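Structure, as structure tokens:
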Amino acid sequence: MKWKILLENPEDIAKFRGIDLDPKPPTFKLSFTKAKKIIDKAIKNEEKIVVYGDYDVDGICATAIIWEALNKMGAKVLPFIPKRENEGYGLSKAGIDNIDAKLIITVDSGIVAHEAIDYAHSKGIKVIVIDHHEKPKSAQGGPKADAIIHTTELCSAGIAYFFAKHGLELAAIATVCDMVPLVGINRSIVKFGLEELNKTTRPGLKALFEVAGIKTVGTYELGFLIGPRINASGRIDSALTALRLLCTHDPKKAYSFAQELNSINKERQTMMETSVAHAMTIAKTTEKIIVIDHESYHQGIIGLIAGKLTEKYYLPSIVISRGEEISKASARSIAGFNIIEAIRESESLLINAGGHPMAAGFTIKTTEIANFKLQIENFAKNKLTDDLLEKTLKIDCKINLKDVNLELFNELKKLEPFGLGNPQPVFCSDVEVLNVRTMGAIGQHIKLTLAGDMEAVMFNASHWASKLKAGQKISLAYTLDLNSYNGKTNLQLKIKDIIIS
């Protein structure tokens, strides 16, 4: 792994502080007025409205926001989330046939649903699209919906929050879990959304926090404890369970839903372990992109499998759930390689495709999988340079260890919340090792005592224990952390990488 130092001087840390934390409406133009007129007319005429959602965290949270807002306005409104196996992803003819409405509001999908929207119109149904996925190059104008509220700057729940002026805490959950960069307006949503989450009165969220053992909610808790539980229902069961959890006013029902999601998440974890182990054995890493398919891969977890492959091999990865006639795929990418753009290079082979530069999905005829593999492998071979494929650790600045103290730690906390696009600052320093020891149940972690009475820890790094010794000069890349133990709290370094000088 190579290191890239972004700032040369410690004084430049001040540049981090120029981020606007005032949650003003986004500056891009949204078709709020047109959409609101359509909704107001539907409510006045007592027409049935369906909020047509999606089965991931963003889609579920956006559905809850819009449904709650319309329900409070007195609309005849119902939420609808399609089932992966029967109705597929996004607005579809099958989904439309299963609902009774004069107005459909799609959330977290719809921007590429040209045929489905035309089909809805043929049945006398109006359609409003609220979406943040990338438009295909062949359809920059978007589908012929009655109103389109679209931007790639926010997640769909973020758009829904500004449109409905409701559900900030749900928008914060979705922003973190949908991996939206936490800069500008998104950082505002999460910063102030976390404040709402930590004092929430929503029975569902309170129950979920209790089941997950959460005392204080931060970005870690949202991304790794809350998100997976909300996502699990839509991955291997019905996403309506998660939606009911978010919207219920009954504490008893909320706790029951939370326990159900917890059980589903455990089932998902077991399924994941088996599938990931299999995927690792068949992944072909001699190419610049991994493309694998198997009939045993559940549609709901192929994105997670792709993520694990990308994490291990640092290659873009596509995992296909192979069906008899139709197969579903999910993809994850690395920095600098736009995966949805790469997938759409083979658009003639696909039934449909959608997503973002870092994550995408598509449907394909099973007979076309081999052709697709050849095309995307050739595309990756031409686009992915060796430089892009070398994992780089971005270090914000090099500092002297004597300048690392609680004052610096407290100043850095003002830059929170940290996440994608606004990562926790990483520093590097040249240090001298005084002592090395292992820790953990099986000695899987290491702890270093450094000259200057500073301690540093590195998790799952026991292999370094035999390489380091007292008196040795090394370079550390690290973040700052507080270690609380036996009633005492001390500053420590969390090591990300080591270079032996």
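Following the order of the structure tokens, first chain is A, next is B, and so on, with residues numbered from 1 inside each chain and ligands from 1 in the order they appear.
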Please provide the set of residues having any atom within 9 Å of stretch 389-401 of chain A, restricted to only C-alpha atoms, with same-chain residues fewer than 2 positions apart removed, written as an NGL selection string.
:A and (1-10 or 12-13 or 288 or 314-315 or 334-335 or 384-387 or 403-405 or 425-431 or 452 or 454 or 477-478 or 496-497)
Enumerate, as number ranges by chain, the complete set of residues in stretch 30-248 of chain A that a backbone-based DSSP assignment places in strand (DSSP E).
A: 48-52, 76-80, 103-107, 126-131, 147-150
At a cut-off of 8 Å, using only C-alpha atoms, what residues contact stretch 215-217 of chain A? Leave out same-chain residues fewer than 5 positions from it and give the result as a PyMOL selection string.
chain A and resi 194+197-198+209-210+222
List every residue of stretch 323-383 of chain A that DSSP, applied to the backbone of this structure, places in alpha helix (DSSP H), and write the result as a list in words.
Ile339, Ile340, Glu341, Ala342, Ile343, Arg344, Ile369, Ala370, Asn371, Phe372, Lys373, Leu374, Gln375, Ile376, Glu377, Asn378, Phe379, Ala380, Lys381, Asn382 and Lys383 of chain A
Within 12 Å of stretch 169-192 of chain A, which residues of stretch 271-382 of chain A come that close, and what is the closest atom pair and distance in Å for each? Count only C-alpha atoms and give it as a Markdown table.
| residue | atom | partner | partner_atom | distance |
| --- | --- | --- | --- | --- |
| A:Arg332 | CA | A:Met179 | CA | 11.9 |
| A:Gly355 | CA | A:Asp178 | CA | 11.2 |
| A:His356 | CA | A:Val180 | CA | 10.2 |
| A:Pro357 | CA | A:Val180 | CA | 11.3 |
| A:Met358 | CA | A:Met179 | CA | 9.2 |
| A:Ala359 | CA | A:Met179 | CA | 9.5 |
| A:Ala360 | CA | A:Asp178 | CA | 11.8 |
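The environment of stretch 266-269 of chain A within 12 Å, counting only C-alpha atoms and disregarding residues fewer than 5 places along the same chain, consists of Ala212, Leu225, Pro228, Arg229, Ile230, Asn231, Ala232, Ser233, Gly234, Arg235, Ile236, Asp237, Gln259, Glu260, Leu261, Thr274, Ser275, Val276, Tyr297, His298, Gln299, Gly300, Ile301, Ile302, Leu304 and Ile305 of chain A.
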Please list as an mmCIF file with N, CA and C atoms, in the first residue's frame every residue within 10 Å of A:Gly142, counting only C-alpha atoms and excluding residues in the same chain fewer than 4 positions away.
data_model
loop_
_atom_site.group_PDB
_atom_site.id
_atom_site.type_symbol
_atom_site.label_atom_id
_atom_site.label_comp_id
_atom_site.auth_asym_id
_atom_site.auth_seq_id
_atom_site.Cartn_x
_atom_site.Cartn_y
_atom_site.Cartn_z
ATOM 1 N N GLY A 110 -37.152 4.970 -10.520
ATOM 2 C CA GLY A 110 -38.044 5.615 -11.483
ATOM 3 C C GLY A 110 -37.356 6.403 -12.568
ATOM 4 N N ILE A 111 -36.114 6.813 -12.338
ATOM 5 C CA ILE A 111 -35.459 7.697 -13.300
ATOM 6 C C ILE A 111 -35.126 6.978 -14.612
ATOM 7 N N VAL A 112 -35.122 5.631 -14.593
ATOM 8 C CA VAL A 112 -34.896 4.877 -15.835
ATOM 9 C C VAL A 112 -36.114 4.026 -16.202
ATOM 10 N N ALA A 113 -37.246 4.261 -15.515
ATOM 11 C CA ALA A 113 -38.435 3.406 -15.712
ATOM 12 C C ALA A 113 -39.314 3.919 -16.843
ATOM 13 N N HIS A 114 -38.770 4.070 -18.023
ATOM 14 C CA HIS A 114 -39.524 4.622 -19.158
ATOM 15 C C HIS A 114 -40.753 3.780 -19.504
ATOM 16 N N VAL A 129 -41.765 11.067 -9.915
ATOM 17 C CA VAL A 129 -40.517 10.347 -9.648
ATOM 18 C C VAL A 129 -39.650 11.148 -8.673
ATOM 19 N N LYS A 135 -28.846 8.985 -14.472
ATOM 20 C CA LYS A 135 -29.595 8.785 -15.712
ATOM 21 C C LYS A 135 -28.673 8.137 -16.740
ATOM 22 N N PRO A 136 -29.198 7.227 -17.553
ATOM 23 C CA PRO A 136 -28.372 6.685 -18.633
ATOM 24 C C PRO A 136 -28.096 7.773 -19.663
ATOM 25 N N LYS A 137 -26.951 7.672 -20.345
ATOM 26 C CA LYS A 137 -26.579 8.695 -21.323
ATOM 27 C C LYS A 137 -27.595 8.800 -22.453
ATOM 28 N N SER A 138 -28.261 7.699 -22.736
ATOM 29 C CA SER A 138 -29.218 7.680 -23.844
ATOM 30 C C SER A 138 -30.547 8.329 -23.490
ATOM 31 N N ILE A 148 -40.748 15.154 -12.083
ATOM 32 C CA ILE A 148 -39.512 14.456 -11.725
ATOM 33 C C ILE A 148 -38.714 15.322 -10.756
ATOM 34 N N HIS A 150 -35.213 15.041 -9.165
ATOM 35 C CA HIS A 150 -34.022 14.210 -9.320
ATOM 36 C C HIS A 150 -32.751 15.012 -9.071
#
Shell around A:Gly361 at 9 Å using only C-alpha atoms, local window under 3 positions removed, as a list of chain:residue names
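Non-adjacent residues within range: A:Gly303, A:Ile318, A:Lys328, A:Ala329, A:Ser330, A:Ala331, A:Arg332, A:Ile340, A:Ile343, A:Asn352, A:Ala353, A:Gly354, A:Gly355.
Near A:Lys494, within 12 Å and counting only C-alpha atoms, sit A:Gln424, A:Pro425, A:Val426, A:Phe427, A:Cys428, A:His445, A:Ile446, A:Lys447, A:Leu448, A:Met454, A:Glu455, A:Ala456, A:Val457, A:Met458, A:Phe459, A:Asn460, A:Ala461, A:Leu476, A:Ala477, A:Tyr478, A:Thr479, A:Leu480, A:Asp481, A:Leu482, A:Asn483, A:Ile498, not including residues fewer than 4 positions from it in the same chain.
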Output N, CA and C atoms for every residue in the selection just made, as a PDB file, in the first residue's frame.
ATOM      1  N   GLN A 424     -12.426  10.406   8.810  1.00  0.00           N
ATOM      2  CA  GLN A 424     -11.684  10.835   9.986  1.00  0.00           C
ATOM      3  C   GLN A 424     -10.253  11.145   9.569  1.00  0.00           C
ATOM      4  N   PRO A 425      -9.703  12.303   9.960  1.00  0.00           N
ATOM      5  CA  PRO A 425      -8.351  12.669   9.539  1.00  0.00           C
ATOM      6  C   PRO A 425      -7.308  11.615   9.914  1.00  0.00           C
ATOM      7  N   VAL A 426      -6.429  11.355   8.959  1.00  0.00           N
ATOM      8  CA  VAL A 426      -5.341  10.387   9.144  1.00  0.00           C
ATOM      9  C   VAL A 426      -4.016  11.145   9.157  1.00  0.00           C
ATOM     10  N   PHE A 427      -3.172  10.825  10.130  1.00  0.00           N
ATOM     11  CA  PHE A 427      -1.867  11.465  10.252  1.00  0.00           C
ATOM     12  C   PHE A 427      -0.775  10.422  10.121  1.00  0.00           C
ATOM     13  N   CYS A 428       0.451  10.884   9.879  1.00  0.00           N
ATOM     14  CA  CYS A 428       1.595   9.991   9.953  1.00  0.00           C
ATOM     15  C   CYS A 428       2.709  10.675  10.732  1.00  0.00           C
ATOM     16  N   HIS A 445      -4.456  -8.837  18.213  1.00  0.00           N
ATOM     17  CA  HIS A 445      -4.175  -7.406  18.088  1.00  0.00           C
ATOM     18  C   HIS A 445      -2.800  -7.086  18.676  1.00  0.00           C
ATOM     19  N   ILE A 446      -2.260  -5.915  18.344  1.00  0.00           N
ATOM     20  CA  ILE A 446      -0.993  -5.489  18.943  1.00  0.00           C
ATOM     21  C   ILE A 446      -1.156  -4.111  19.588  1.00  0.00           C
ATOM     22  N   LYS A 447      -0.355  -3.880  20.634  1.00  0.00           N
ATOM     23  CA  LYS A 447      -0.296  -2.569  21.279  1.00  0.00           C
ATOM     24  C   LYS A 447       1.166  -2.173  21.382  1.00  0.00           C
ATOM     25  N   LEU A 448       1.451  -0.938  20.952  1.00  0.00           N
ATOM     26  CA  LEU A 448       2.812  -0.402  21.013  1.00  0.00           C
ATOM     27  C   LEU A 448       2.881   0.707  22.048  1.00  0.00           C
ATOM     28  N   MET A 454       3.266   7.616  24.549  1.00  0.00           N
ATOM     29  CA  MET A 454       2.027   7.469  23.764  1.00  0.00           C
ATOM     30  C   MET A 454       1.829   5.992  23.430  1.00  0.00           C
ATOM     31  N   GLU A 455       0.580   5.524  23.497  1.00  0.00           N
ATOM     32  CA  GLU A 455       0.274   4.151  23.135  1.00  0.00           C
ATOM     33  C   GLU A 455      -0.457   4.106  21.798  1.00  0.00           C
ATOM     34  N   ALA A 456      -0.248   3.012  21.069  1.00  0.00           N
ATOM     35  CA  ALA A 456      -0.877   2.846  19.756  1.00  0.00           C
ATOM     36  C   ALA A 456      -1.364   1.411  19.631  1.00  0.00           C
ATOM     37  N   VAL A 457      -2.541   1.222  19.032  1.00  0.00           N
ATOM     38  CA  VAL A 457      -3.094  -0.118  18.847  1.00  0.00           C
ATOM     39  C   VAL A 457      -3.359  -0.366  17.364  1.00  0.00           C
ATOM     40  N   MET A 458      -3.249  -1.628  16.981  1.00  0.00           N
ATOM     41  CA  MET A 458      -3.582  -2.037  15.618  1.00  0.00           C
ATOM     42  C   MET A 458      -4.336  -3.359  15.722  1.00  0.00           C
ATOM     43  N   PHE A 459      -5.545  -3.394  15.175  1.00  0.00           N
ATOM     44  CA  PHE A 459      -6.401  -4.561  15.309  1.00  0.00           C
ATOM     45  C   PHE A 459      -6.160  -5.573  14.199  1.00  0.00           C
ATOM     46  N   ASN A 460      -6.285  -6.845  14.564  1.00  0.00           N
ATOM     47  CA  ASN A 460      -6.081  -7.952  13.619  1.00  0.00           C
ATOM     48  C   ASN A 460      -4.754  -7.805  12.884  1.00  0.00           C
ATOM     49  N   ALA A 461      -3.712  -7.544  13.650  1.00  0.00           N
ATOM     50  CA  ALA A 461      -2.388  -7.283  13.069  1.00  0.00           C
ATOM     51  C   ALA A 461      -1.288  -8.002  13.839  1.00  0.00           C
ATOM     52  N   LEU A 476       4.314   5.542  11.343  1.00  0.00           N
ATOM     53  CA  LEU A 476       2.950   5.094  11.567  1.00  0.00           C
ATOM     54  C   LEU A 476       1.964   5.991  10.836  1.00  0.00           C
ATOM     55  N   ALA A 477       0.956   5.393  10.236  1.00  0.00           N
ATOM     56  CA  ALA A 477      -0.211   6.127   9.756  1.00  0.00           C
ATOM     57  C   ALA A 477      -1.339   5.785  10.715  1.00  0.00           C
ATOM     58  N   TYR A 478      -2.080   6.800  11.196  1.00  0.00           N
ATOM     59  CA  TYR A 478      -3.016   6.545  12.286  1.00  0.00           C
ATOM     60  C   TYR A 478      -4.112   7.602  12.361  1.00  0.00           C
ATOM     61  N   THR A 479      -5.158   7.246  13.099  1.00  0.00           N
ATOM     62  CA  THR A 479      -6.183   8.205  13.513  1.00  0.00           C
ATOM     63  C   THR A 479      -6.108   8.320  15.031  1.00  0.00           C
ATOM     64  N   LEU A 480      -6.782   9.313  15.574  1.00  0.00           N
ATOM     65  CA  LEU A 480      -6.772   9.527  17.021  1.00  0.00           C
ATOM     66  C   LEU A 480      -8.034   8.948  17.646  1.00  0.00           C
ATOM     67  N   ASP A 481      -7.858   8.402  18.846  1.00  0.00           N
ATOM     68  CA  ASP A 481      -8.962   7.727  19.507  1.00  0.00           C
ATOM     69  C   ASP A 481      -8.806   7.891  21.019  1.00  0.00           C
ATOM     70  N   LEU A 482      -9.919   7.773  21.733  1.00  0.00           N
ATOM     71  CA  LEU A 482      -9.881   7.758  23.194  1.00  0.00           C
ATOM     72  C   LEU A 482     -10.085   6.330  23.679  1.00  0.00           C
ATOM     73  N   ASN A 483      -9.229   5.894  24.602  1.00  0.00           N
ATOM     74  CA  ASN A 483      -9.344   4.557  25.176  1.00  0.00           C
ATOM     75  C   ASN A 483      -9.805   4.677  26.620  1.00  0.00           C
ATOM     76  N   ILE A 498       1.879   0.558   8.821  1.00  0.00           N
ATOM     77  CA  ILE A 498       3.213   0.715   9.399  1.00  0.00           C
ATOM     78  C   ILE A 498       4.239   0.598   8.293  1.00  0.00           C
TER      79      ILE A 498
END
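Across A:Glu347, A:Glu311, A:Asp40, A:Glu68, the tightest approach to A:Gly167 is made by A:Glu68 when counting only C-alpha atoms.
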For atom CA of A:Cys155 and atom CA of A:Ser321, the interatomic separation in Å (one decimal):
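Computing the Euclidean distance for atom CA of A:Cys155 and atom CA of A:Ser321 yields 26.0 Å.
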Pull the closest atom pair for each residue of stretch 201-230 of chain A that gets at most 9 Å from stretch 244-247 of chain A, along with the distance in Å to one decimal, counting only C-alpha atoms, ordering rows by chain and then ascending residue number, as a tab-separated table.
residue	atom	partner	partner_atom	distance
A:Arg202	CA	A:Leu246	CA	7.3
A:Pro203	CA	A:Leu246	CA	7.8
A:Gly204	CA	A:Leu245	CA	4.7
A:Leu205	CA	A:Leu246	CA	6.5
A:Ala207	CA	A:Leu245	CA	8.7
A:Leu208	CA	A:Leu245	CA	8.5
Using only C-alpha atoms, find the one residue out of A:Gly90, A:Gly471, A:Gly223, A:Gly419 that sits nearest to A:His133.
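Ranked by minimum distance to A:His133, first place goes to A:Gly90.
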Nearest to A:Ile474, restricted to only C-alpha atoms and choosing among A:Ile81, A:Ile500, A:Ile289, A:Ala370, comes out as A:Ile500
Looking at only C-alpha atoms, which of A:Ser296, A:Asn422, A:Thr438, A:Thr449 is the one that sits closest to A:Thr219?
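Under the stated criterion, the closest residue is A:Asn422.
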